$ cat entry-v3.cif   # mmCIF, C-alpha atoms
data_my_file
loop_
_atom_site.label_atom_id
_atom_site.label_comp_id
_atom_site.auth_asym_id
_atom_site.auth_seq_id
_atom_site.Cartn_x
_atom_site.Cartn_y
_atom_site.Cartn_z
CA MET A 1 21.06 4.91 -27.31
CA ALA A 2 18.15 3.19 -28.93
CA ARG A 3 17.59 -0.51 -28.48
CA ARG A 4 15.50 -2.92 -30.49
CA ALA A 5 12.51 -4.12 -28.50
CA ASN A 6 11.52 -7.76 -28.61
CA ARG A 7 8.45 -8.96 -30.53
CA ASP A 8 6.17 -8.83 -27.45
CA ASP A 9 7.12 -5.17 -26.91
CA ASP A 10 6.37 -4.43 -30.58
CA LEU A 11 2.89 -5.93 -30.19
CA LEU A 12 2.29 -3.87 -27.08
CA MET A 13 3.40 -0.73 -28.91
CA GLU A 14 1.00 -1.47 -31.80
CA ASP A 15 -1.87 -1.89 -29.31
CA GLU A 16 -0.92 1.33 -27.53
CA LEU A 17 -0.75 3.21 -30.84
CA THR A 18 -4.14 1.85 -31.86
CA ALA A 19 -5.58 2.87 -28.49
CA ALA A 20 -4.02 6.33 -28.80
CA PHE A 21 -5.62 6.98 -32.18
CA LEU A 22 -8.93 5.21 -31.69
CA GLY A 23 -9.44 5.59 -27.96
CA ASP A 24 -9.89 2.76 -25.49
CA ASP A 25 -13.63 2.59 -26.17
CA ASP A 26 -13.03 1.65 -29.82
CA LEU A 27 -11.04 -1.41 -28.79
CA GLY A 28 -13.03 -4.45 -27.75
CA SER A 29 -11.88 -6.64 -24.89
CA ASP A 30 -10.68 -9.14 -27.49
CA ALA A 31 -9.04 -6.53 -29.76
CA GLU A 32 -5.81 -8.52 -29.87
CA ASP A 33 -7.63 -11.48 -31.49
CA GLN A 34 -9.50 -9.36 -34.04
CA GLY A 35 -6.47 -8.00 -35.89
CA PRO A 36 -6.21 -4.39 -37.10
CA THR A 37 -9.05 -2.11 -36.11
CA GLN A 38 -10.29 0.83 -38.17
CA ALA A 39 -12.51 3.69 -37.07
CA ALA A 40 -15.93 3.96 -38.68
CA PRO A 41 -15.92 6.76 -41.28
CA ALA A 42 -19.47 7.93 -40.43
CA ASP A 43 -18.44 8.77 -36.86
CA ASN A 44 -15.57 10.95 -38.05
CA ALA A 45 -17.53 13.41 -40.23
CA ALA A 46 -17.31 16.14 -37.57
CA ALA A 47 -13.61 15.47 -37.07
CA ASP A 48 -13.01 15.84 -40.83
CA ASP A 49 -14.63 19.29 -40.73
CA GLU A 50 -12.29 20.33 -37.93
CA TRP A 51 -9.27 19.00 -39.85
CA ASP A 52 -10.13 21.15 -42.87
CA GLU A 53 -9.80 24.32 -40.82
CA GLU A 54 -6.37 25.84 -41.33
CA GLU A 55 -5.08 25.91 -37.78
CA VAL A 56 -1.39 26.70 -37.52
CA VAL A 57 0.25 24.60 -34.84
CA PRO A 58 4.03 24.91 -34.61
CA GLY A 59 6.09 21.74 -34.66
CA GLN A 60 8.15 20.86 -31.63
CA LEU A 61 11.92 20.96 -31.98
CA ALA A 62 13.81 17.91 -30.67
CA VAL A 63 16.74 18.77 -28.40
CA ASP A 64 19.57 17.20 -26.43
CA VAL A 65 20.43 18.82 -23.10
CA TYR A 66 23.58 17.80 -21.24
CA GLU A 67 26.20 19.22 -18.92
CA THR A 68 29.94 19.18 -18.67
CA LYS A 69 31.92 20.22 -15.61
CA GLU A 70 31.71 23.91 -16.53
CA LYS A 71 28.83 24.22 -19.03
CA LEU A 72 25.23 23.32 -19.78
CA VAL A 73 24.74 22.54 -23.49
CA VAL A 74 21.56 22.42 -25.58
CA LYS A 75 21.78 20.97 -29.09
CA ALA A 76 19.05 20.91 -31.72
CA ARG A 77 18.98 19.69 -35.31
CA THR A 78 17.98 22.65 -37.42
CA ALA A 79 19.12 21.48 -40.84
CA GLY A 80 17.81 23.71 -43.59
CA VAL A 81 17.04 26.63 -41.27
CA ASN A 82 18.75 29.92 -41.95
CA LYS A 83 20.17 31.55 -38.82
CA ASN A 84 18.10 34.66 -39.66
CA ASP A 85 14.97 32.48 -39.33
CA LEU A 86 15.89 31.45 -35.75
CA ASP A 87 14.90 33.27 -32.57
CA VAL A 88 16.68 32.14 -29.39
CA SER A 89 15.92 33.80 -26.06
CA ILE A 90 16.16 33.14 -22.34
CA SER A 91 14.02 34.43 -19.51
CA ASP A 92 13.75 33.22 -15.91
CA ASN A 93 15.94 30.17 -16.58
CA THR A 94 13.72 29.10 -19.52
CA LEU A 95 15.28 28.80 -22.97
CA SER A 96 13.01 29.39 -25.98
CA ILE A 97 13.91 28.46 -29.55
CA ARG A 98 11.61 29.43 -32.41
CA GLY A 99 12.10 29.27 -36.13
CA THR A 100 10.73 28.57 -39.56
CA LEU A 101 11.71 25.81 -41.95
CA SER A 102 10.82 26.83 -45.49
CA ALA A 103 10.27 24.29 -48.28
CA GLY A 104 10.82 26.93 -50.91
CA GLU A 105 8.42 28.71 -53.23
CA GLU A 106 7.47 25.91 -55.61
CA ASP A 107 4.03 25.49 -57.18
CA VAL A 108 3.31 21.91 -56.11
CA GLU A 109 0.35 20.30 -57.83
CA ASN A 110 0.40 17.00 -55.97
CA TYR A 111 2.53 15.37 -53.29
CA PHE A 112 3.19 11.65 -53.68
CA VAL A 113 4.99 11.44 -50.33
CA GLN A 114 5.27 14.22 -47.76
CA GLU A 115 7.15 13.24 -44.62
CA CYS A 116 9.19 16.36 -43.95
CA TYR A 117 7.89 19.03 -41.61
CA TRP A 118 7.81 22.53 -43.10
CA GLY A 119 6.73 25.60 -41.24
CA GLU A 120 7.10 27.11 -37.81
CA PHE A 121 8.61 25.22 -34.90
CA SER A 122 9.30 26.10 -31.29
CA ARG A 123 10.58 24.66 -28.05
CA SER A 124 10.78 26.04 -24.52
CA ILE A 125 12.98 24.29 -21.98
CA THR A 126 13.33 25.01 -18.29
CA LEU A 127 17.05 24.66 -17.75
CA PRO A 128 17.90 21.95 -15.19
CA VAL A 129 20.72 23.91 -13.53
CA PRO A 130 21.26 27.62 -12.82
CA VAL A 131 23.25 29.35 -15.58
CA LYS A 132 24.83 32.73 -16.16
CA GLU A 133 22.26 34.29 -18.48
CA ASP A 134 24.71 36.97 -19.62
CA GLU A 135 27.34 34.42 -20.76
CA ILE A 136 25.69 32.40 -23.54
CA GLU A 137 27.13 31.25 -26.84
CA ALA A 138 24.90 30.10 -29.71
CA VAL A 139 26.44 28.58 -32.84
CA LEU A 140 24.70 27.22 -35.94
CA LYS A 141 27.04 24.89 -37.81
CA ASP A 142 26.29 22.05 -40.24
CA GLY A 143 22.58 22.11 -39.40
CA VAL A 144 23.08 21.83 -35.63
CA LEU A 145 22.25 24.68 -33.26
CA THR A 146 24.49 24.48 -30.17
CA ILE A 147 23.77 26.76 -27.23
CA SER A 148 26.32 26.73 -24.40
CA PHE A 149 25.74 28.26 -20.98
CA ASN A 150 28.28 28.79 -18.22
CA LYS A 151 26.91 27.16 -15.08
CA LEU A 152 26.60 29.11 -11.86
CA LYS A 153 28.80 27.73 -9.17
CA GLN A 154 26.79 27.03 -6.07
CA ASP A 155 28.25 26.60 -2.66
CA THR A 156 27.73 23.12 -1.32
CA VAL A 157 26.56 24.56 2.00
CA LYS A 158 24.99 27.96 2.37
CA LYS A 159 24.37 29.29 5.85
CA ILE A 160 20.94 30.88 6.27
CA GLN A 161 20.58 33.58 8.85
CA ILE A 162 17.42 33.39 10.93
CA LEU A 163 15.77 36.76 11.51
#
$ encode --input "entry-v3.cif" --output "structure tokens"
Amino acid sequence: MARRANRDDDLLMEDELTAAFLGDDDLGSDAEDQGPTQAAPADNAAADDEWDEEEVVPGQLAVDVYETKEKLVVKARTAGVNKNDLDVSISDNTLSIRGTLSAGEEDVENYFVQECYWGEFSRSITLPVPVKEDEIEAVLKDGVLTISFNKLKQDTVKKIQIL
């Protein structure tokens, strides 16, 4: 569950965000007293050139992973994704989910606001408990991908023979 942080935490988060985008060197020792800080445009000319290059970086899919007594469950919001555009696989106890979220084939002249992610996404998760890789159920319903694994039962004590 999310909780609302107090005002001091919000200020700390703003400072951390500023440091993450500008780097610690861009913040003076009295950065808190100076108010908002902006990077100098002249220093970012090289970075702008790099940004213009069309580098395809897949988005990362958010997931919930939990267990019940008998199963391990992975849930992911995949609203708007066709099941034919999803690729789910498992290898060596690592689950991989890949897909594409298409915005449609519209000729857009200008975006006024663009907050939605469109394009390829992926996520690989090392499963926290051993599962039966041949007994997996994947269901896409109402924009939620639910993958259920039967857990392997492990003996509480396993005797190891010394050779």
$ atom_distance --input "entry-v3.cif" --atom1 "CA of Gly143 (chain A)" --atom2 "CA of Glu106 (chain A)"
22.5 Å
$ resolve_selection --input "entry-v3.cif" --expression "the PyMOL selection byres ((chain A and resi 73) around 7)" --output "PyMOL selection string"
chain A and resi 65-67+71-72+74-75+146-149
$ resolve_selection --input "entry-v3.cif" --expression "the PyMOL selection byres ((chain A and resi 59) around 9)" --output "JSON, numbers by chain"
{"A": [57, 58, 60, 61, 117, 118, 119, 120, 121, 122, 123]}
$ atom_distance --input "entry-v3.cif" --atom1 "CA of Asn93 (chain A)" --atom2 "CA of Ile160 (chain A)"
23.4 Å
$ closest_residue --input "entry-v3.cif" --among "A:Thr68, A:Ile90, A:Ala76, A:Thr100" --to "Val144 (chain A)" --atoms "all atoms listed in the file"
A:Ala76
$ atom_distance --input "entry-v3.cif" --atom1 "CA of Asp64 (chain A)" --atom2 "CA of Arg77 (chain A)"
9.2 Å
$ closest_residue --input "entry-v3.cif" --among "A:Glu70, A:Val63, A:Ser91, A:Ile97" --to "Lys151 (chain A)" --atoms "all atoms listed in the file"
A:Glu70
$ closest_residue --input "entry-v3.cif" --among "A:Ala103, A:Leu152, A:Ala62, A:Val113" --to "Asn82 (chain A)" --atoms "all atoms listed in the file"
A:Ala103
$ resolve_selection --input "entry-v3.cif" --expression "the PyMOL selection byres ((chain A and resi 142) around 10)" --output "compact mmCIF listing (two decimals) with C-alpha atoms, keeping the file's coordinate frame"
# COMPACT_ATOMS: atom_id res chain seq x y z
CA ARG A 77 18.98 19.69 -35.31
CA THR A 78 17.98 22.65 -37.42
CA ALA A 79 19.12 21.48 -40.84
CA GLY A 80 17.81 23.71 -43.59
CA VAL A 139 26.44 28.58 -32.84
CA LEU A 140 24.70 27.22 -35.94
CA LYS A 141 27.04 24.89 -37.81
CA GLY A 143 22.58 22.11 -39.40
CA VAL A 144 23.08 21.83 -35.63
CA LEU A 145 22.25 24.68 -33.26
$ closest_residue --input "entry-v3.cif" --among "A:Asn84, A:Gln154, A:Gln161, A:Ser96" --to "Ser124 (chain A)" --atoms "all atoms listed in the file"
A:Ser96
$ residues_around --input "entry-v3.cif" --residues "Asp85 (chain A)" --least-positions-apart "4" --cutoff "8 Å" --atoms "only C-alpha atoms" --output "list in words"
Val81, Gly99, Thr100 and Leu101 of chain A
